[in-house]
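Chemist: After the structure tokens below, expect a handful of questions from me.
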Amino acid sequence: MASWFSQLSSTVANVTGLGGEVESVRTYADTVTDGQYYGKLDEHDLDWTLASGSSTENQVFYVTTKSGAFAFVQLIHSNIGIWNPTVSFTCRFYDPNSKTNNFKNINQTYKFELSEDKRSVKTDHFNITLDPTQTTYKIQITHPELVVSMDFTRVDRGFKVGGGRTYLGGDESSAAGFVSHKFWPRAAAKGTFIIDKVLHEMEGEGMFIHAIQGMQPQLIASNWNFCNFHSDKASLSMMQFQTTKQYGAVNINQGSLVLNDKLIMVSVENHVELLDLVKDEETEYNIPQKIKLTWKGKTIKEEGGDEPKDVQVTMVVSIKNLVDKIDVLNEIPWFLKKLVQTFVVKPYIYQWLDTATAEIVVGDEKVETEGKCFQELVFVSQF
């Protein structure tokens, strides 16, 4: 999840600074210098920064199990520059086989103790530990409503697109703010969830994202689309957000393909198409019955390897299984809700988990693979 509860908290406080002129955007892709969008994670890319001002930072771990269940856990640090920083975490556990569907959104006191290398953290209830080789995270949650113990081991390598940041309102030195994302697109996850005193074993494929919203004074985006697909052969990720009108209502997209446990493509020429729209009378948003996702790029250029090959991926997902529809205003404190209601129209998060088939073409090689696709559609504002 894109930590919407805290992002709204951290950005709305200064939204009255919105201006009338369209300002520039320097995207992830604009930071690429060699035509290759894959950027290697350096030793500090997964450090917690705890930036000052209106900023939100989070780490989220997604898991799709071999039996078709789905879960995520997310730790959020929000610093809006006015009140004391807030620490919270969210958790989803969904198993259609047992008809289990639990969501937790839990606020904590401000305890956020970083390790000396800033890669591990302890809070009241949620601990994250990254091993010295930066290969495995250990996640521990101990709370009256939720107990989680999970190992999360990277498969192949992580990535960022270019320098890993999009700058809004200028370049690196002059921007009003930035958005940062670092990814492990495929991981091996194993552990247990105890929710409301019921034990659930978890084992499957995972995805990890470390995100920073270093944005002031405006809201970042009007909407977001997120896709996380896993099969036995492949993992696909796609994240797209549309900037607010102040920044030109630009779609910024980044995606990846892991094939046979190897990250082979990082791309930005990707597309999300919402099809067969039907109005949700409750929210008044037009919701797709199908979503077509396409990735277009080239294989990562390896030192001493072959020339990069063209890559094309197409996946049409029939939306059948709504995991949740979250009214964000119901999940944030009352005083922030009053601010949000002034500037944001009905922020909602839609989440689906469906079976889908990815059609992958790498050079002359064609692969079809069926797996589980988690998708998130987020409506934020009308700016």
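The chains in the structure tokens are called A, B, ... from first to last as shown; in each chain the residues are counted from 1, and the ligands are counted from 1 in the order shown.
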List as a PyMOL selection string the protein and nucleic acid residues near segment 131-135 of chain A, meaning an atom at most 10 Å away when only C-alpha atoms are counted, but skip any in the same chain fewer than 5 places from it.

Modeler: chain A and resi 43+46+117+119-120+152-158+184+187

Chemist: Go ahead and save the residues from that selection, with all heavy atoms, as a short mmCIF file (atom, residue, chain, number, x, y, z; two decimals), in the first residue's frame.

Modeler:
data_model
loop_
_atom_site.label_atom_id
_atom_site.label_comp_id
_atom_site.auth_asym_id
_atom_site.auth_seq_id
_atom_site.Cartn_x
_atom_site.Cartn_y
_atom_site.Cartn_z
N GLU A 43 24.56 1.01 -0.90
CA GLU A 43 24.54 0.52 0.48
C GLU A 43 23.67 1.36 1.41
O GLU A 43 23.29 0.91 2.49
CB GLU A 43 25.96 0.46 1.03
CG GLU A 43 26.67 1.81 1.12
CD GLU A 43 28.05 1.69 1.75
OE1 GLU A 43 28.24 0.77 2.58
OE2 GLU A 43 28.92 2.52 1.42
N LEU A 46 18.51 1.77 1.42
CA LEU A 46 17.47 1.23 2.29
C LEU A 46 17.56 1.80 3.71
O LEU A 46 16.87 1.33 4.60
CB LEU A 46 17.54 -0.30 2.31
CG LEU A 46 17.36 -0.98 0.95
CD1 LEU A 46 17.41 -2.49 1.10
CD2 LEU A 46 16.07 -0.55 0.27
N ASP A 117 23.36 1.60 11.76
CA ASP A 117 23.45 1.76 10.31
C ASP A 117 22.17 2.30 9.68
O ASP A 117 22.09 2.47 8.47
CB ASP A 117 23.86 0.43 9.63
CG ASP A 117 22.87 -0.69 9.89
OD1 ASP A 117 21.72 -0.41 10.32
OD2 ASP A 117 23.23 -1.86 9.67
N ARG A 119 19.34 0.96 9.13
CA ARG A 119 18.61 0.04 8.25
C ARG A 119 17.59 -0.81 9.01
O ARG A 119 16.76 -1.47 8.40
CB ARG A 119 19.59 -0.88 7.52
CG ARG A 119 20.52 -0.13 6.58
CD ARG A 119 21.63 -1.02 6.06
NE ARG A 119 22.68 -0.20 5.47
CZ ARG A 119 23.95 -0.54 5.41
NH1 ARG A 119 24.35 -1.69 5.95
NH2 ARG A 119 24.83 0.26 4.85
N SER A 120 17.70 -0.81 10.33
CA SER A 120 16.78 -1.57 11.16
C SER A 120 16.12 -0.62 12.15
O SER A 120 16.66 0.44 12.47
CB SER A 120 17.51 -2.68 11.91
OG SER A 120 18.18 -3.55 11.01
N PHE A 152 11.99 -12.43 5.17
CA PHE A 152 11.71 -11.90 3.84
C PHE A 152 13.04 -11.77 3.11
O PHE A 152 13.82 -10.86 3.38
CB PHE A 152 11.04 -10.53 3.99
CG PHE A 152 10.20 -10.09 2.84
CD1 PHE A 152 8.86 -10.43 2.76
CD2 PHE A 152 10.75 -9.31 1.84
CE1 PHE A 152 8.07 -10.00 1.70
CE2 PHE A 152 9.98 -8.87 0.78
CZ PHE A 152 8.63 -9.22 0.71
N THR A 153 13.35 -12.73 2.21
CA THR A 153 14.67 -12.83 1.59
C THR A 153 14.61 -12.44 0.12
O THR A 153 13.82 -13.00 -0.65
CB THR A 153 15.22 -14.26 1.72
OG1 THR A 153 15.30 -14.61 3.11
CG2 THR A 153 16.60 -14.37 1.10
N ARG A 154 15.45 -11.50 -0.25
CA ARG A 154 15.48 -11.00 -1.62
C ARG A 154 15.87 -12.08 -2.61
O ARG A 154 16.80 -12.86 -2.36
CB ARG A 154 16.46 -9.82 -1.70
CG ARG A 154 16.77 -9.34 -3.11
CD ARG A 154 17.49 -8.00 -3.09
NE ARG A 154 18.62 -7.96 -2.17
CZ ARG A 154 19.83 -8.42 -2.43
NH1 ARG A 154 20.08 -9.03 -3.58
NH2 ARG A 154 20.80 -8.30 -1.54
N VAL A 155 15.18 -12.12 -3.76
CA VAL A 155 15.54 -12.98 -4.89
C VAL A 155 16.24 -12.11 -5.93
O VAL A 155 15.71 -11.08 -6.35
CB VAL A 155 14.29 -13.65 -5.49
CG1 VAL A 155 14.65 -14.40 -6.78
CG2 VAL A 155 13.65 -14.59 -4.49
N ASP A 156 17.42 -12.51 -6.36
CA ASP A 156 18.25 -11.75 -7.28
C ASP A 156 18.60 -10.38 -6.69
O ASP A 156 19.29 -10.32 -5.68
CB ASP A 156 17.60 -11.64 -8.67
CG ASP A 156 18.59 -11.19 -9.73
OD1 ASP A 156 19.80 -11.47 -9.59
OD2 ASP A 156 18.18 -10.55 -10.71
N ARG A 157 18.08 -9.28 -7.23
CA ARG A 157 18.53 -7.95 -6.82
C ARG A 157 17.36 -6.98 -6.75
O ARG A 157 16.31 -7.19 -7.34
CB ARG A 157 19.56 -7.42 -7.82
CG ARG A 157 19.06 -7.50 -9.25
CD ARG A 157 20.15 -7.26 -10.27
NE ARG A 157 19.75 -7.74 -11.59
CZ ARG A 157 20.44 -7.54 -12.70
NH1 ARG A 157 21.58 -6.87 -12.67
NH2 ARG A 157 20.02 -8.02 -13.85
N GLY A 158 17.57 -5.89 -6.02
CA GLY A 158 16.59 -4.83 -6.00
C GLY A 158 16.92 -3.78 -7.05
O GLY A 158 17.87 -3.92 -7.82
N TRP A 184 12.45 -4.27 -3.93
CA TRP A 184 12.82 -5.66 -4.15
C TRP A 184 11.63 -6.27 -4.89
O TRP A 184 10.58 -6.53 -4.28
CB TRP A 184 13.00 -6.40 -2.83
CG TRP A 184 14.25 -6.07 -2.07
CD1 TRP A 184 15.21 -5.16 -2.38
CD2 TRP A 184 14.67 -6.70 -0.84
NE1 TRP A 184 16.20 -5.16 -1.42
CE2 TRP A 184 15.89 -6.09 -0.47
CE3 TRP A 184 14.13 -7.68 -0.02
CZ2 TRP A 184 16.58 -6.44 0.69
CZ3 TRP A 184 14.80 -8.04 1.13
CH2 TRP A 184 16.03 -7.44 1.49
N ALA A 187 10.80 -11.72 -3.72
CA ALA A 187 11.44 -12.21 -2.50
C ALA A 187 10.78 -13.51 -2.09
O ALA A 187 9.66 -13.83 -2.51
CB ALA A 187 11.33 -11.17 -1.39
#

Chemist: To test your reading of the structure, identify every residue in segment 45-143 of chain A that backbone DSSP assigns to strand (DSSP E or B), and report it as JSON, numbers by chain.

Modeler: {"A": [55, 56, 57, 58, 59, 60, 61, 62, 63, 64, 65, 70, 71, 72, 73, 74, 75, 76, 77, 78, 79, 86, 87, 88, 89, 90, 91, 92, 93, 94, 95, 100, 101, 102, 103, 104, 105, 106, 107, 108, 113, 114, 121, 122, 126, 127, 128, 129, 130, 136, 137, 138, 139, 140, 141, 142, 143]}

Chemist: Rounded to one decimal in Å, what is the spacing between atom CA of Ser231 of chain A and atom CA of Phe183 of chain A?

Modeler: 18.0 Å

Chemist: May I ask which of the residues A:Leu236, A:Val317, A:Ile128, A:Ile212 is the closest one to Ile360 of chain A, counting only C-alpha atoms?

Modeler: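 Between A:Leu236, A:Val317, A:Ile128, A:Ile212, the residue approaching Ile360 of chain A most closely is A:Leu236.
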
Chemist: Can you pull out every residue within 10 Å of segment 305-308 of chain A, counting only C-alpha atoms, but drop anything in the same chain fewer than 3 positions away, and send it as an MDAnalysis selection string?

Modeler: chainID A and resid 36 264:265 297:302 311 362:363

Chemist: Once you have the residues from the selection above, write them out as a compact mmCIF listing (two decimals), in the first residue's frame, restricted to all heavy atoms.

Modeler:
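What follows is the written file out27.txt:
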# COMPACT_ATOMS: atom_id res chain seq x y z
N GLN A 36 19.49 3.24 -19.67
CA GLN A 36 19.11 2.05 -18.92
C GLN A 36 18.40 2.51 -17.64
O GLN A 36 18.99 3.21 -16.81
CB GLN A 36 20.33 1.21 -18.59
CG GLN A 36 20.81 0.32 -19.73
CD GLN A 36 19.99 -0.97 -19.83
OE1 GLN A 36 19.76 -1.67 -18.86
NE2 GLN A 36 19.56 -1.29 -21.05
N ILE A 264 15.14 -8.92 -15.09
CA ILE A 264 15.66 -8.74 -16.44
C ILE A 264 15.25 -7.40 -17.06
O ILE A 264 15.83 -6.98 -18.06
CB ILE A 264 15.23 -9.87 -17.40
CG1 ILE A 264 13.72 -9.84 -17.65
CG2 ILE A 264 15.68 -11.22 -16.86
CD1 ILE A 264 13.31 -10.72 -18.83
N MET A 265 14.25 -6.71 -16.48
CA MET A 265 13.83 -5.44 -17.06
C MET A 265 13.32 -4.49 -15.99
O MET A 265 12.59 -4.88 -15.08
CB MET A 265 12.71 -5.66 -18.09
CG MET A 265 12.21 -4.36 -18.75
SD MET A 265 10.73 -4.56 -19.78
CE MET A 265 9.47 -4.88 -18.54
N GLY A 297 9.95 -2.25 -22.68
CA GLY A 297 11.30 -1.83 -22.35
C GLY A 297 12.34 -2.75 -22.98
O GLY A 297 12.06 -3.42 -23.97
N LYS A 298 13.51 -2.76 -22.39
CA LYS A 298 14.60 -3.61 -22.86
C LYS A 298 15.21 -4.35 -21.67
O LYS A 298 15.12 -3.88 -20.53
CB LYS A 298 15.68 -2.79 -23.57
CG LYS A 298 15.25 -2.22 -24.92
CD LYS A 298 16.39 -1.49 -25.59
CE LYS A 298 16.00 -1.00 -26.99
NZ LYS A 298 15.75 -2.12 -27.92
N THR A 299 15.81 -5.49 -21.95
CA THR A 299 16.49 -6.22 -20.89
C THR A 299 17.64 -5.38 -20.34
O THR A 299 18.19 -4.51 -21.03
CB THR A 299 17.04 -7.56 -21.41
OG1 THR A 299 17.87 -7.32 -22.56
CG2 THR A 299 15.90 -8.50 -21.79
N ILE A 300 17.97 -5.62 -19.09
CA ILE A 300 19.04 -4.88 -18.44
C ILE A 300 20.37 -5.22 -19.10
O ILE A 300 20.69 -6.40 -19.32
CB ILE A 300 19.08 -5.21 -16.94
CG1 ILE A 300 17.78 -4.74 -16.27
CG2 ILE A 300 20.29 -4.57 -16.26
CD1 ILE A 300 17.63 -5.22 -14.85
N LYS A 301 21.13 -4.22 -19.40
CA LYS A 301 22.44 -4.43 -20.02
C LYS A 301 23.44 -4.88 -18.96
O LYS A 301 23.74 -4.14 -18.02
CB LYS A 301 22.93 -3.15 -20.69
CG LYS A 301 24.21 -3.34 -21.50
CD LYS A 301 24.58 -2.07 -22.27
CE LYS A 301 25.82 -2.31 -23.14
NZ LYS A 301 26.16 -1.10 -23.92
N GLU A 302 23.92 -6.11 -19.12
CA GLU A 302 24.86 -6.67 -18.16
C GLU A 302 26.29 -6.48 -18.67
O GLU A 302 26.55 -6.55 -19.88
CB GLU A 302 24.60 -8.16 -17.95
CG GLU A 302 23.16 -8.51 -17.61
CD GLU A 302 22.75 -8.07 -16.21
OE1 GLU A 302 23.61 -7.53 -15.48
OE2 GLU A 302 21.57 -8.26 -15.85
N VAL A 311 11.52 -6.02 -24.81
CA VAL A 311 10.62 -6.75 -23.92
C VAL A 311 9.23 -6.12 -24.00
O VAL A 311 9.10 -4.89 -23.96
CB VAL A 311 11.11 -6.72 -22.46
CG1 VAL A 311 10.14 -7.49 -21.56
CG2 VAL A 311 12.52 -7.29 -22.34
N VAL A 362 10.26 -11.68 -24.80
CA VAL A 362 11.64 -11.20 -24.63
C VAL A 362 12.41 -11.58 -25.88
O VAL A 362 12.71 -12.76 -26.10
CB VAL A 362 12.31 -11.82 -23.39
CG1 VAL A 362 13.72 -11.26 -23.22
CG2 VAL A 362 11.48 -11.55 -22.14
N GLY A 363 12.71 -10.59 -26.72
CA GLY A 363 13.31 -10.90 -28.01
C GLY A 363 12.36 -11.76 -28.81
O GLY A 363 11.23 -11.37 -29.09

Chemist: I'd like the interatomic distance between atom CA of Tyr348 of chain A and atom CA of Ile326 of chain A, to a tenth of an Å.

Modeler: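 Computed distance, atom CA of Tyr348 of chain A to atom CA of Ile326 of chain A, equals 5.6 Å.
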
Chemist: Do a neighbour search on Asn97 of chain A at 10 Å with only C-alpha atoms, toss out local chain neighbours closer than 3 positions, and write the hits as an MDAnalysis selection string.

Modeler: chainID A and resid 67:69 94 100

Chemist: Restricting the calculation to only C-alpha atoms: of A:Trp352, A:Tyr28, A:Phe193, A:Tyr38, which residue gets closest to Arg165 of chain A?

Modeler: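 Of all the options, A:Tyr28 lies closest to Arg165 of chain A.
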
Chemist: In Å, how far is it from atom CA of Val179 of chain A to atom CA of Ser235 of chain A?

Modeler: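 Going from atom CA of Val179 of chain A over to atom CA of Ser235 of chain A, I get 23.6 Å.
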
Chemist: Env of Thr142 of chain A: 9 Å cut, atoms = only C-alpha atoms, seq-sep filter 3 positions within chain, self excluded. Answer as number ranges by chain.

Modeler: A: 124-127, 145-149

Chemist: Neighbours of Glu57 of chain A within 8 Å (only C-alpha atoms; same-chain residues fewer than 2 positions away dropped), as a PDB file with C-alpha atoms, in the first residue's frame?

Modeler:
ATOM      1  CA  TRP A  48      15.665   5.212   7.090  1.00  0.00           C
ATOM      2  CA  THR A  49      16.136   8.969   6.525  1.00  0.00           C
ATOM      3  CA  LEU A  50      13.444  10.428   8.855  1.00  0.00           C
ATOM      4  CA  SER A  55       7.515  14.027   4.875  1.00  0.00           C
ATOM      5  CA  GLN A  59       8.477   0.205   4.325  1.00  0.00           C
ATOM      6  CA  ILE A  76       4.982   4.260   8.608  1.00  0.00           C
ATOM      7  CA  HIS A  77       6.865   7.252  10.012  1.00  0.00           C
ATOM      8  CA  SER A  78       5.133  10.574   9.358  1.00  0.00           C
ATOM      9  CA  HIS A 210      10.822   1.557   0.651  1.00  0.00           C
ATOM     10  CA  ALA A 211       9.053   4.850  -0.094  1.00  0.00           C
ATOM     11  CA  ILE A 212       9.612   8.455   0.941  1.00  0.00           C
ATOM     12  CA  GLN A 213       7.167  11.276   0.323  1.00  0.00           C
TER      13      GLN A 213
END

Chemist: Report as a ChimeraX atom specification all protein, DNA and RNA residues lying within 8 Å of Asp327 of chain A, evaluated on only C-alpha atoms, omitting residues in the same chain fewer than 4 positions from it.

Modeler: /A:331,346-349

Chemist: Please write the residues from the selection above to a file, keeping N, CA and C atoms, as a CSV table (one decimal), in the first residue's frame.

Modeler:
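File produced: again27.csv:
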chain,number,residue,atom,x,y,z
A,331,GLU,N,-10.1,6.5,8.5
A,331,GLU,CA,-8.9,5.9,9.1
A,331,GLU,C,-7.9,6.9,9.6
A,346,LYS,N,-13.5,12.8,-1.1
A,346,LYS,CA,-13.7,11.4,-0.9
A,346,LYS,C,-12.5,10.5,-1.2
A,347,PRO,N,-11.4,10.6,-0.5
A,347,PRO,CA,-10.3,9.8,-0.9
A,347,PRO,C,-10.6,8.3,-0.5
A,348,TYR,N,-10.5,7.4,-1.5
A,348,TYR,CA,-10.8,6.0,-1.4
A,348,TYR,C,-9.7,5.1,-2.0
A,349,ILE,N,-9.5,4.0,-1.4
A,349,ILE,CA,-8.5,3.0,-1.9
A,349,ILE,C,-9.4,1.7,-2.2

Chemist: Determine the nearest neighbour of Val266 of chain A from the options A:Asn225, A:Leu199, A:Lys40, A:Phe70, counting only C-alpha atoms.

Modeler: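 Of the candidates, the smallest distance to Val266 of chain A is held by A:Lys40.
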